[in-house]
file work04.tsv (TSV, C-alpha atoms and all ligand atoms)
chain	number	residue	atom	x	y	z
Y	1	MET	CA	-55.37	-28.48	-27.29
Y	2	PRO	CA	-57.59	-26.38	-24.96
Y	3	LEU	CA	-57.78	-27.40	-21.29
Y	4	PRO	CA	-60.22	-30.35	-21.34
Y	5	ASN	CA	-62.47	-28.97	-18.58
Y	6	ALA	CA	-62.36	-25.29	-19.56
Y	7	PHE	CA	-66.13	-25.15	-20.10
Y	8	ARG	CA	-67.23	-21.54	-20.73
Y	9	ARG	CA	-70.60	-19.83	-20.99
Y	10	ASP	CA	-71.27	-16.96	-23.43
Y	11	GLY	CA	-69.18	-13.91	-22.66
Y	12	GLU	CA	-66.59	-15.78	-20.56
Y	13	PRO	CA	-63.03	-15.68	-21.96
Y	14	MET	CA	-62.16	-18.64	-24.17
Y	15	PRO	CA	-59.44	-20.93	-22.77
Y	16	GLY	CA	-55.85	-20.95	-23.96
Y	17	HIS	CA	-54.29	-23.85	-25.86
Y	18	TYR	CA	-51.42	-26.05	-24.61
Y	19	PRO	CA	-49.14	-28.59	-26.27
Y	20	VAL	CA	-50.15	-32.19	-25.54
Y	21	GLU	CA	-47.14	-34.35	-26.29
Y	22	LEU	CA	-46.51	-37.70	-24.62
Y	23	LEU	CA	-42.91	-38.62	-23.80
Y	24	VAL	CA	-41.97	-42.17	-22.79
Y	25	CYS	CA	-39.05	-43.21	-20.61
Y	26	PRO	CA	-36.95	-45.86	-22.46
Y	27	ARG	CA	-36.21	-47.64	-19.16
Y	28	CYS	CA	-39.40	-47.74	-17.08
Y	29	HIS	CA	-41.83	-46.87	-19.94
Y	30	LEU	CA	-43.53	-44.22	-17.82
Y	31	GLY	CA	-45.51	-41.83	-20.02
Y	32	GLN	CA	-45.22	-38.12	-19.19
Y	33	LEU	CA	-46.48	-34.91	-20.81
Y	34	SER	CA	-43.82	-32.54	-22.12
Y	35	ALA	CA	-45.63	-29.41	-20.84
Y	36	ILE	CA	-47.03	-28.81	-17.34
Y	37	VAL	CA	-50.01	-26.47	-16.89
Y	38	ASP	CA	-50.26	-24.63	-13.55
Y	39	PRO	CA	-52.68	-26.72	-11.42
Y	40	ASN	CA	-54.19	-23.53	-10.01
Y	41	VAL	CA	-55.28	-22.62	-13.55
Y	42	MET	CA	-56.89	-26.05	-14.02
Y	43	TYR	CA	-58.41	-26.83	-10.64
Y	44	THR	CA	-59.37	-23.68	-8.71
Y	45	ASN	CA	-62.86	-23.70	-10.22
Y	46	TYR	CA	-63.37	-27.23	-11.52
Y	47	PRO	CA	-66.57	-28.32	-13.35
Y	48	TYR	CA	-65.90	-32.08	-13.18
Y	49	VAL	CA	-67.81	-33.83	-10.41
Y	50	THR	CA	-67.37	-37.48	-9.56
Y	51	SER	CA	-70.08	-39.27	-11.44
Y	52	PRO	CA	-73.08	-40.08	-9.21
Y	53	SER	CA	-73.76	-43.03	-11.53
Y	54	ASP	CA	-74.61	-46.56	-10.38
Y	55	THR	CA	-71.32	-47.68	-11.96
Y	56	MET	CA	-69.40	-45.37	-9.64
Y	57	LYS	CA	-71.45	-46.35	-6.58
Y	58	GLU	CA	-70.65	-50.02	-7.26
Y	59	HIS	CA	-66.99	-49.09	-7.57
Y	60	PHE	CA	-67.02	-47.25	-4.24
Y	61	LYS	CA	-68.43	-50.33	-2.49
Y	62	ARG	CA	-65.85	-52.62	-4.15
Y	63	LEU	CA	-63.07	-50.23	-3.15
Y	64	TRP	CA	-64.34	-49.98	0.44
Y	65	ASP	CA	-64.51	-53.80	0.75
Y	66	THR	CA	-60.96	-54.14	-0.60
Y	67	LEU	CA	-59.49	-51.45	1.66
Y	68	ASN	CA	-61.47	-52.35	4.77
Y	69	ALA	CA	-60.24	-55.94	4.43
Y	70	GLU	CA	-56.67	-54.62	4.32
Y	71	ARG	CA	-57.18	-52.60	7.50
Y	72	LYS	CA	-60.40	-51.68	9.32
Y	73	ILE	CA	-61.19	-48.12	8.26
Y	74	ASN	CA	-62.14	-45.68	11.00
Y	75	ALA	CA	-60.31	-42.46	10.04
Y	76	VAL	CA	-59.96	-41.73	6.30
Y	77	VAL	CA	-58.42	-38.75	4.49
Y	78	GLU	CA	-59.17	-38.34	0.78
Y	79	ILE	CA	-56.75	-36.27	-1.30
Y	80	GLY	CA	-58.64	-34.86	-4.28
Y	81	SER	CA	-61.99	-35.33	-2.55
Y	82	ASN	CA	-63.92	-33.46	-5.29
Y	83	ASP	CA	-67.46	-32.79	-3.95
Y	84	GLY	CA	-67.21	-35.35	-1.16
Y	85	LEU	CA	-69.26	-38.08	-2.85
Y	86	LEU	CA	-66.85	-40.91	-2.02
Y	87	LEU	CA	-66.35	-39.78	1.59
Y	88	GLU	CA	-70.13	-39.65	2.03
Y	89	HIS	CA	-70.31	-43.28	0.86
Y	90	PHE	CA	-67.37	-44.33	3.08
Y	91	ARG	CA	-69.01	-42.63	6.08
Y	92	ASN	CA	-72.19	-44.57	5.34
Y	93	PHE	CA	-70.15	-47.81	5.08
Y	94	GLY	CA	-68.77	-47.20	8.60
Y	95	ALA	CA	-65.90	-44.68	8.64
Y	96	GLN	CA	-66.12	-42.57	11.81
Y	97	GLN	CA	-63.71	-39.76	10.90
Y	98	VAL	CA	-63.56	-38.37	7.34
Y	99	LEU	CA	-61.63	-35.43	5.90
Y	100	GLY	CA	-61.33	-34.19	2.32
Y	101	ILE	CA	-58.57	-32.13	0.68
Y	102	ASP	CA	-59.30	-30.46	-2.67
Y	103	PRO	CA	-58.21	-27.20	-4.40
Y	104	ALA	CA	-61.59	-26.52	-6.08
Y	105	GLU	CA	-63.41	-23.87	-4.04
Y	106	ASN	CA	-66.72	-24.65	-5.76
Y	107	LEU	CA	-66.45	-28.37	-4.91
Y	108	VAL	CA	-65.26	-27.91	-1.31
Y	109	ASP	CA	-68.35	-25.78	-0.71
Y	110	VAL	CA	-70.58	-28.69	-1.83
Y	111	CYS	CA	-68.54	-31.15	0.25
Y	112	CYS	CA	-68.71	-29.15	3.45
Y	113	ILE	CA	-72.10	-27.50	3.16
Y	114	LYS	CA	-74.25	-30.00	1.24
Y	115	ARG	CA	-72.70	-33.20	2.62
Y	116	GLY	CA	-71.46	-31.95	6.01
Y	117	ILE	CA	-68.01	-33.40	5.37
Y	118	PRO	CA	-65.01	-31.35	6.57
Y	119	ALA	CA	-62.54	-30.46	3.83
Y	120	ILE	CA	-59.35	-28.43	3.45
Y	121	CYS	CA	-59.45	-26.25	0.31
Y	122	SER	CA	-55.94	-26.66	-1.03
Y	123	LEU	CA	-53.74	-28.60	-3.43
Y	124	PHE	CA	-52.10	-31.37	-1.42
Y	125	ASN	CA	-48.76	-30.08	-0.14
Y	126	ARG	CA	-46.74	-30.02	3.09
Y	127	GLU	CA	-48.90	-27.25	4.59
Y	128	ALA	CA	-52.10	-29.22	3.85
Y	129	ALA	CA	-50.47	-32.36	5.31
Y	130	GLU	CA	-49.69	-30.54	8.54
Y	131	GLU	CA	-53.19	-29.03	8.71
Y	132	THR	CA	-54.55	-32.58	8.23
Y	133	LEU	CA	-52.58	-33.81	11.26
Y	134	ASP	CA	-53.96	-30.91	13.31
Y	135	THR	CA	-57.52	-31.64	12.11
Y	136	MET	CA	-57.79	-35.44	12.37
Y	137	PRO	CA	-58.27	-36.45	16.04
Y	138	ALA	CA	-57.47	-40.15	15.52
Y	139	PRO	CA	-54.55	-41.93	13.81
Y	140	ILE	CA	-55.32	-42.09	10.09
Y	141	ASP	CA	-56.17	-45.60	8.89
Y	142	LEU	CA	-56.53	-44.78	5.19
Y	143	ILE	CA	-55.15	-42.06	2.92
Y	144	LEU	CA	-56.97	-42.31	-0.42
Y	145	ALA	CA	-56.15	-40.47	-3.66
Y	146	ARG	CA	-58.37	-41.46	-6.60
Y	147	HIS	CA	-57.23	-40.23	-10.03
Y	148	VAL	CA	-55.03	-37.60	-8.44
Y	149	PHE	CA	-51.51	-39.05	-8.34
Y	150	CYS	CA	-51.12	-38.98	-12.12
Y	151	HIS	CA	-52.27	-35.36	-12.13
Y	152	ILE	CA	-49.29	-34.40	-9.98
Y	153	ASP	CA	-45.98	-33.11	-11.31
Y	154	ASN	CA	-43.68	-33.70	-8.33
Y	155	TRP	CA	-44.21	-37.31	-7.31
Y	156	ARG	CA	-41.34	-37.32	-4.79
Y	157	GLN	CA	-42.74	-34.31	-2.95
Y	158	PHE	CA	-46.20	-35.93	-2.91
Y	159	ILE	CA	-44.84	-39.16	-1.42
Y	160	ASP	CA	-42.84	-37.21	1.18
Y	161	ASP	CA	-45.90	-35.13	2.15
Y	162	VAL	CA	-48.11	-38.25	2.38
Y	163	THR	CA	-45.49	-39.88	4.61
Y	164	VAL	CA	-45.90	-36.97	7.05
Y	165	ILE	CA	-49.50	-38.09	7.78
Y	166	CYS	CA	-48.78	-41.83	7.70
Y	167	SER	CA	-48.55	-43.92	10.85
Y	168	LYS	CA	-47.01	-47.40	10.91
Y	169	ASN	CA	-50.48	-48.89	10.32
Y	170	THR	CA	-51.77	-46.44	7.73
Y	171	VAL	CA	-52.74	-47.76	4.29
Y	172	VAL	CA	-52.14	-45.35	1.41
Y	173	CYS	CA	-54.28	-46.10	-1.67
Y	174	LEU	CA	-53.47	-44.42	-4.97
Y	175	GLU	CA	-56.11	-45.31	-7.59
Y	176	VAL	CA	-54.70	-44.45	-11.00
Y	177	PRO	CA	-55.38	-45.17	-14.68
Y	178	TYR	CA	-53.07	-48.03	-15.65
Y	179	ALA	CA	-50.78	-47.34	-18.62
Y	180	HIS	CA	-51.00	-51.03	-19.55
Y	181	ASP	CA	-54.78	-50.65	-20.10
Y	182	THR	CA	-54.48	-47.21	-21.69
Y	183	VAL	CA	-52.15	-48.63	-24.34
Y	184	GLU	CA	-53.90	-51.98	-24.75
Y	185	ASN	CA	-57.35	-50.38	-25.24
Y	186	CYS	CA	-56.02	-47.39	-27.18
Y	187	GLU	CA	-57.53	-44.97	-24.70
Y	188	TRP	CA	-55.64	-42.10	-26.34
Y	189	ASP	CA	-58.52	-39.72	-25.43
Y	190	THR	CA	-57.35	-39.79	-21.81
Y	191	VAL	CA	-54.10	-38.05	-22.81
Y	192	TYR	CA	-54.60	-34.41	-21.93
Y	193	ALA	CA	-53.27	-31.53	-19.81
Y	194	GLU	CA	-54.70	-32.86	-16.47
Y	195	HIS	CA	-53.00	-36.24	-16.84
Y	196	LEU	CA	-49.31	-35.51	-16.43
Y	197	ASN	CA	-48.26	-39.15	-15.99
Y	198	TYR	CA	-49.24	-42.54	-17.46
Y	199	LEU	CA	-48.12	-44.86	-14.73
Y	200	THR	CA	-46.24	-48.12	-15.00
Y	201	LEU	CA	-45.46	-50.22	-11.95
Y	202	GLN	CA	-41.80	-50.24	-12.95
Y	203	ALA	CA	-41.80	-46.44	-12.57
Y	204	MET	CA	-43.56	-46.72	-9.19
Y	205	GLU	CA	-41.00	-49.24	-7.92
Y	206	HIS	CA	-38.20	-46.89	-8.97
Y	207	LEU	CA	-39.85	-43.87	-7.32
Y	208	LEU	CA	-40.45	-45.66	-4.02
Y	209	SER	CA	-37.06	-47.38	-3.86
Y	210	ASP	CA	-35.54	-44.54	-1.83
Y	211	SER	CA	-38.70	-43.43	0.01
Y	212	ALA	CA	-40.27	-44.38	3.37
Y	213	LEU	CA	-43.10	-46.26	1.62
Y	214	HIS	CA	-43.30	-49.42	-0.48
Y	215	LEU	CA	-45.78	-51.10	-2.81
Y	216	HIS	CA	-47.75	-53.42	-0.57
Y	217	HIS	CA	-50.65	-54.67	-2.70
Y	218	VAL	CA	-52.00	-53.98	-6.21
Y	219	VAL	CA	-55.65	-54.46	-7.21
Y	220	ARG	CA	-57.17	-53.94	-10.64
Y	221	PHE	CA	-60.57	-52.26	-11.19
Y	222	PRO	CA	-62.52	-51.75	-14.46
Y	223	ILE	CA	-63.49	-48.12	-13.64
Y	224	HIS	CA	-62.51	-45.35	-16.11
Y	225	GLY	CA	-61.38	-47.82	-18.75
Y	226	GLY	CA	-59.07	-49.77	-16.43
Y	227	ALA	CA	-57.49	-48.57	-13.19
Y	228	ILE	CA	-55.24	-50.03	-10.54
Y	229	ALA	CA	-55.27	-49.34	-6.82
Y	230	LEU	CA	-51.71	-49.16	-5.51
Y	231	LEU	CA	-51.74	-49.88	-1.77
Y	232	LEU	CA	-48.63	-48.48	-0.12
Y	233	ARG	CA	-47.42	-49.04	3.44
Y	234	ARG	CA	-44.61	-47.53	5.50
Y	235	ASN	CA	-41.41	-49.59	5.35
Y	236	ASP	CA	-41.72	-50.38	9.07
Y	237	ALA	CA	-45.19	-51.94	8.61
Y	238	VAL	CA	-45.41	-55.42	10.11
Y	239	GLU	CA	-47.34	-57.13	7.29
Y	240	PRO	CA	-45.23	-58.32	4.27
Y	241	PRO	CA	-46.17	-57.16	0.73
Y	242	SER	CA	-48.65	-59.41	-1.11
Y	243	ALA	CA	-47.69	-61.54	-4.12
Y	244	SER	CA	-49.81	-59.25	-6.32
Y	245	VAL	CA	-46.94	-56.74	-6.61
Y	246	ASP	CA	-44.58	-59.21	-8.29
Y	247	GLU	CA	-47.42	-60.67	-10.36
Y	248	PHE	CA	-48.29	-57.26	-11.80
Y	249	LEU	CA	-44.64	-56.38	-12.40
Y	250	ALA	CA	-44.12	-59.66	-14.24
Y	251	SER	CA	-47.20	-59.24	-16.44
Y	252	GLU	CA	-46.79	-55.51	-17.20
Y	253	ARG	CA	-46.66	-54.93	-20.97
Y	254	CYS	CA	-46.03	-51.36	-21.95
Y	255	SER	CA	-42.93	-51.28	-24.12
Y	256	LEU	CA	-41.68	-48.42	-26.28
Y	257	GLU	CA	-43.00	-50.30	-29.32
Y	258	ASP	CA	-46.43	-50.60	-27.62
Y	259	TRP	CA	-46.46	-46.85	-27.04
Y	260	GLN	CA	-45.45	-46.16	-30.65
Y	261	ARG	CA	-48.24	-48.41	-31.96
Y	262	PHE	CA	-50.57	-46.57	-29.55
Y	263	GLY	CA	-49.66	-43.24	-31.20
Y	264	GLN	CA	-50.24	-44.63	-34.70
Y	265	LYS	CA	-53.57	-46.19	-33.70
Y	266	ALA	CA	-54.72	-42.92	-32.08
Y	267	ASN	CA	-54.29	-41.14	-35.41
Y	268	GLU	CA	-56.17	-43.93	-37.20
Y	269	GLN	CA	-59.04	-43.65	-34.69
Y	270	ILE	CA	-59.23	-39.87	-35.08
Y	271	GLY	CA	-59.41	-40.26	-38.86
Y	272	ALA	CA	-61.98	-43.06	-38.63
Y	273	LEU	CA	-64.43	-41.17	-36.42
Y	274	LYS	CA	-64.03	-37.94	-38.40
Y	275	ALA	CA	-64.75	-39.80	-41.67
Y	276	LEU	CA	-67.79	-41.53	-40.13
Y	277	VAL	CA	-69.26	-38.26	-38.82
Y	278	LYS	CA	-68.68	-36.51	-42.16
Y	279	LYS	CA	-70.29	-39.44	-44.03
Y	280	LEU	CA	-73.36	-39.46	-41.78
Y	281	ARG	CA	-73.72	-35.70	-42.11
Y	282	SER	CA	-73.43	-35.94	-45.92
Y	283	GLU	CA	-76.37	-38.39	-45.75
Y	284	GLY	CA	-78.37	-35.78	-43.83
Y	285	LYS	CA	-78.15	-37.61	-40.51
Y	286	ARG	CA	-78.01	-35.65	-37.23
Y	287	VAL	CA	-75.00	-36.49	-35.02
Y	288	VAL	CA	-74.60	-35.48	-31.36
Y	289	GLY	CA	-72.32	-36.39	-28.44
Y	290	TYR	CA	-73.28	-38.10	-25.16
Y	291	GLY	CA	-71.16	-37.09	-22.15
Y	292	ALA	CA	-69.26	-33.77	-22.19
Y	293	SER	CA	-66.23	-35.50	-20.72
Y	294	ALA	CA	-62.62	-34.35	-20.94
Y	295	LYS	CA	-62.41	-37.11	-23.55
Y	296	SER	CA	-65.03	-35.32	-25.69
Y	297	THR	CA	-62.91	-32.15	-25.69
Y	298	VAL	CA	-59.90	-34.15	-26.84
Y	299	TRP	CA	-61.76	-35.98	-29.62
Y	300	ILE	CA	-63.63	-32.99	-31.02
Y	301	ASN	CA	-60.56	-30.74	-31.09
Y	302	ALA	CA	-58.34	-33.51	-32.52
Y	303	MET	CA	-60.89	-34.03	-35.33
Y	304	GLY	CA	-61.33	-30.28	-35.85
Y	305	LEU	CA	-65.12	-30.68	-35.87
Y	306	ARG	CA	-67.62	-27.84	-35.48
Y	307	ARG	CA	-71.30	-27.42	-34.63
Y	308	SER	CA	-72.20	-28.16	-38.27
Y	309	ASP	CA	-70.77	-31.67	-37.68
Y	310	ILE	CA	-71.67	-32.36	-34.02
Y	311	GLU	CA	-74.91	-30.53	-33.22
Y	312	CYS	CA	-74.36	-30.55	-29.44
Y	313	VAL	CA	-73.17	-32.76	-26.59
Y	314	TYR	CA	-75.58	-33.89	-23.84
Y	315	ASP	CA	-74.49	-33.98	-20.21
Y	316	GLY	CA	-76.08	-34.26	-16.77
Y	317	THR	CA	-73.53	-32.01	-15.03
Y	318	PRO	CA	-75.06	-28.57	-14.20
Y	319	GLN	CA	-71.62	-26.87	-14.27
Y	320	LYS	CA	-71.18	-27.90	-17.94
Y	321	GLN	CA	-74.68	-27.27	-19.30
Y	322	TYR	CA	-75.21	-24.20	-21.52
Y	323	CYS	CA	-71.43	-23.98	-21.98
Y	324	THR	CA	-69.54	-24.92	-25.14
Y	325	ILE	CA	-67.08	-27.78	-25.52
Y	326	PRO	CA	-63.69	-26.12	-24.84
Y	327	GLY	CA	-62.10	-24.73	-28.02
Y	328	THR	CA	-65.27	-25.18	-30.11
Y	329	ASP	CA	-68.69	-23.66	-30.88
Y	330	ILE	CA	-70.48	-26.88	-29.89
Y	331	PRO	CA	-73.02	-26.36	-27.07
Y	332	VAL	CA	-73.48	-28.66	-24.06
Y	333	ARG	CA	-77.17	-29.41	-23.58
Y	334	HIS	CA	-79.01	-30.86	-20.60
Y	335	GLU	CA	-78.99	-34.66	-20.71
Y	336	GLY	CA	-82.73	-34.61	-20.05
Y	337	ALA	CA	-83.33	-33.18	-23.55
Y	338	PHE	CA	-81.56	-36.06	-25.33
Y	339	TYR	CA	-84.58	-38.25	-26.06
Y	340	ALA	CA	-86.90	-35.46	-27.17
Y	341	ASP	CA	-84.26	-33.96	-29.46
Y	342	ALA	CA	-84.22	-37.32	-31.28
Y	343	ALA	CA	-80.86	-37.17	-33.05
Y	344	ASP	CA	-79.98	-40.09	-35.35
Y	345	TYR	CA	-76.51	-40.89	-33.93
Y	346	ALA	CA	-74.77	-40.14	-30.62
Y	347	VAL	CA	-71.03	-40.56	-30.02
Y	348	VAL	CA	-70.58	-41.93	-26.47
Y	349	TRP	CA	-67.81	-39.83	-24.96
Y	350	ALA	CA	-68.63	-41.36	-21.59
Y	351	TRP	CA	-67.68	-44.81	-22.97
Y	352	ASN	CA	-66.33	-45.79	-19.56
Y	353	PHE	CA	-69.99	-45.86	-18.45
Y	354	LEU	CA	-71.26	-47.44	-21.69
Y	355	SER	CA	-73.54	-50.11	-20.24
Y	356	GLU	CA	-75.24	-47.55	-18.01
Y	357	VAL	CA	-75.66	-45.07	-20.89
Y	358	ILE	CA	-77.21	-47.78	-23.09
Y	359	THR	CA	-79.58	-48.93	-20.35
Y	360	LYS	CA	-80.85	-45.44	-19.55
Y	361	ASN	CA	-81.47	-44.62	-23.23
Y	362	LYS	CA	-83.18	-47.84	-24.36
Y	363	LYS	CA	-86.25	-45.94	-25.56
Y	364	TRP	CA	-84.10	-43.86	-27.91
Y	365	THR	CA	-82.29	-46.87	-29.42
Y	366	GLU	CA	-85.58	-48.76	-29.73
Y	367	GLY	CA	-86.84	-45.75	-31.69
Y	368	GLY	CA	-83.93	-46.13	-34.14
Y	369	GLY	CA	-81.23	-44.04	-32.48
Y	370	LYS	CA	-77.72	-45.48	-32.77
Y	371	PHE	CA	-74.74	-45.05	-30.43
Y	372	ILE	CA	-71.23	-44.70	-31.83
Y	373	VAL	CA	-68.53	-46.01	-29.48
Y	374	PRO	CA	-65.06	-44.56	-30.22
Y	375	VAL	CA	-62.79	-46.79	-28.08
Y	376	PRO	CA	-61.03	-49.19	-28.56
Y	377	GLU	CA	-62.35	-49.24	-32.18
Y	378	VAL	CA	-64.76	-46.74	-33.74
Y	379	ARG	CA	-68.00	-48.69	-34.18
Y	380	ILE	CA	-71.75	-48.17	-34.51
Y	381	LEU	CA	-73.79	-50.21	-31.99
Y	382	GLU	CA	-76.50	-51.87	-34.12
Y	401	LIG	O1	-59.05	-38.12	-14.11
Y	401	LIG	C1	-60.14	-37.63	-14.41
Y	401	LIG	C2	-61.33	-38.49	-14.63
Y	401	LIG	C3	-61.43	-39.49	-13.51
Y	401	LIG	O2	-62.50	-37.74	-14.68
Y	401	LIG	C4	-60.26	-36.18	-14.55
Y	401	LIG	N1	-58.99	-35.69	-15.05
Y	401	LIG	C5	-61.36	-35.69	-15.44
Y	401	LIG	C6	-62.49	-36.64	-15.58
Y	401	LIG	O3	-62.43	-37.19	-16.88
Y	401	LIG	P1	-63.76	-37.23	-17.76
Y	401	LIG	O4	-64.37	-35.86	-17.84
Y	401	LIG	O5	-63.44	-37.92	-19.04
Y	401	LIG	O6	-64.67	-38.11	-16.79
Y	401	LIG	P2	-65.96	-38.97	-17.03
Y	401	LIG	O7	-66.47	-39.34	-15.67
Y	401	LIG	O8	-65.70	-40.07	-17.99
Y	401	LIG	O9	-67.00	-37.94	-17.69
Y	401	LIG	C7	-68.26	-38.43	-18.04
Y	401	LIG	C8	-69.12	-37.25	-18.42
Y	401	LIG	O10	-70.36	-37.77	-18.90
Y	401	LIG	C9	-69.45	-36.38	-17.20
Y	401	LIG	O11	-69.47	-35.02	-17.58
Y	401	LIG	C10	-70.84	-36.84	-16.81
Y	401	LIG	C11	-71.45	-37.27	-18.13
Y	401	LIG	N2	-72.45	-38.34	-17.99
Y	401	LIG	C12	-73.76	-38.02	-18.29
Y	401	LIG	O12	-74.09	-36.88	-18.63
Y	401	LIG	N3	-74.69	-39.02	-18.17
Y	401	LIG	C13	-72.04	-39.58	-17.60
Y	401	LIG	C14	-72.99	-40.58	-17.49
Y	401	LIG	C15	-72.62	-41.96	-17.05
Y	401	LIG	C16	-74.36	-40.28	-17.78
Y	401	LIG	O13	-75.24	-41.15	-17.71
call {"tool": "encode", "arguments": {"input": "work04.tsv", "output": "structure tokens", "more": "lines below"}}
Ligand code: DWN
result
Amino acid sequence: MPLPNAFRRDGEPMPGHYPVELLVCPRCHLGQLSAIVDPNVMYTNYPYVTSPSDTMKEHFKRLWDTLNAERKINAVVEIGSNDGLLLEHFRNFGAQQVLGIDPAENLVDVCCIKRGIPAICSLFNREAAEETLDTMPAPIDLILARHVFCHIDNWRQFIDDVTVICSKNTVVCLEVPYAHDTVENCEWDTVYAEHLNYLTLQAMEHLLSDSALHLHHVVRFPIHGGAIALLLRRNDAVEPPSASVDEFLASERCSLEDWQRFGQKANEQIGALKALVKKLRSEGKRVVGYGASAKSTVWINAMGLRRSDIECVYDGTPQKQYCTIPGTDIPVRHEGAFYADAADYAVVWAWNFLSEVITKNKKWTEGGGKFIVPVPEVRILE
């Protein structure tokens, strides 16, 4: 599989391919990739920007309300701050001190220059942790890492480095895709080189058992197909853990058999969408993609489809437009051209924003266009 975000324009070298194989621990049912790609290769110049969609803005507000209720947020550090969109929202909600940490030079530029939010351009490591302590004038109330923790190979080192910047009152929030949801909804298209781990709470409990932090509170969010916010506190924190930790542990369903069924269902889904696209094309219908997500790279390469099958994929992200979907000859076109191009069918590879995509393209569907939604079952929205 090519790297899911290795979008290239004409003349730029095509990306390499990497094995994507999911291994599952028989005891804690943690999912892990068998091969680790150097994060510098994946993230130094990163085209993915946090979606500026209404769905994401609503999520930011929900997350702020949850975390601010846990502890009033004045000083917040975001690990994996991308282009600073979340920190800009948190500053508007009331945070006085904000600091981002992100390895993508292109995104840190936007964060610092466009949004005026200070950021350290680095992967999170001990050096970045120490620079954070030197940079933040006040004790840190919140350390936030959204969809970062499961991208990290050495969890123990990450927890140790986070502990360096934690005070007794600091809340650490790791927002991660939840393996329980990934398996239950057959979100197999989120299995790719960036996602090294598919987290279970059992694995988290095991990891933290001999660390300076503990699971303090767990909150579920619908974003990205189902995510959980793991709130960690230092072991000397005064407040006791909430009942949510035991409730989630008791209800967690992610057995070896579940994972095996997940693998079988993924292959069925790949075959189902490929057959549907081929059928529509044989009937002379035009088929495109909507959302040049990492998920679209995974689907299109797994199905082995070409431009003769999927004409193009539409996307609103400037860094992806006029590129090709990694590993294919399929062009990424500006989202603004979608209606005028008037394709017959569009596969929604931004299904985690489905309601928003449907709403913004009502005119197209009213004119006869039909969306195909690939998860959890391949289906045409009539
Ligand atoms: O963990 C990760 C998740 C959080 O984000 C990263 N490893 C990579 C990335 O995954 P993704 O690329 O699957 O993320 P999205 O946010 O599901 O991608 C949606 C794509 O669709 C973006 O390229 C933006 C695009 N889009 C659009 O063009 N118009 C999305 C919406 C909602 C739209 O209206």
call {"tool": "atom_distance", "arguments": {"input": "work04.tsv", "atom1": "atom CA of Y:Glu58", "atom2": "atom C13 of ligand LIG 401 (chain Y)"}}
result
14.8 Å
call {"tool": "residues_near_ligand", "arguments": {"input": "work04.tsv", "ligand": "ligand LIG 401 (chain Y)", "cutoff": "7 Å", "atoms": "all atoms listed in the file", "output": "ChimeraX atom specification"}}
result
/Y:48,50-51,53,147-148,190,194-195,224,290-295,314-317,335,349-350,352-353,356-357
call {"tool": "residues_around", "arguments": {"input": "work04.tsv", "residues": "Y:Ser308", "least_positions_apart": "2", "cutoff": "9 Å", "atoms": "all atoms listed in the file", "output": "NGL selection string"}}
result
:Y and (281 or 305-306 or 310-311 or 330)
call {"tool": "write_last_selection", "arguments": {"input": "work04.tsv", "atoms": "C-alpha atoms", "output": "mmCIF file, keeping the file's coordinate frame"}}
result
data_model
loop_
_atom_site.group_PDB
_atom_site.id
_atom_site.type_symbol
_atom_site.label_atom_id
_atom_site.label_comp_id
_atom_site.auth_asym_id
_atom_site.auth_seq_id
_atom_site.Cartn_x
_atom_site.Cartn_y
_atom_site.Cartn_z
ATOM 1 C CA ARG Y 281 -73.720 -35.700 -42.110
ATOM 2 C CA LEU Y 305 -65.120 -30.680 -35.870
ATOM 3 C CA ARG Y 306 -67.620 -27.840 -35.480
ATOM 4 C CA ILE Y 310 -71.670 -32.360 -34.020
ATOM 5 C CA GLU Y 311 -74.910 -30.530 -33.220
ATOM 6 C CA ILE Y 330 -70.480 -26.880 -29.890
#
call {"tool": "closest_residue", "arguments": {"input": "work04.tsv", "among": "Y:Phe149, Y:Trp351, Y:Trp155, Y:Tyr46", "to": "Y:Asn106", "atoms": "only C-alpha atoms"}}
result
Y:Tyr46
call {"tool": "closest_residue", "arguments": {"input": "work04.tsv", "among": "Y:His180, Y:Lys168, Y:Lys360, Y:His214", "to": "Y:Ser251", "atoms": "all atoms listed in the file"}}
result
Y:His180
call {"tool": "closest_residue", "arguments": {"input": "work04.tsv", "among": "Y:Ser355, Y:Ser122, Y:Asn74, Y:Asn169", "to": "Y:Glu239", "atoms": "all atoms listed in the file"}}
result
Y:Asn169
call {"tool": "closest_residue", "arguments": {"input": "work04.tsv", "among": "Y:Lys320, Y:Arg261, Y:Arg126, Y:Arg62", "to": "Y:Asn5", "atoms": "only C-alpha atoms"}}
result
Y:Lys320
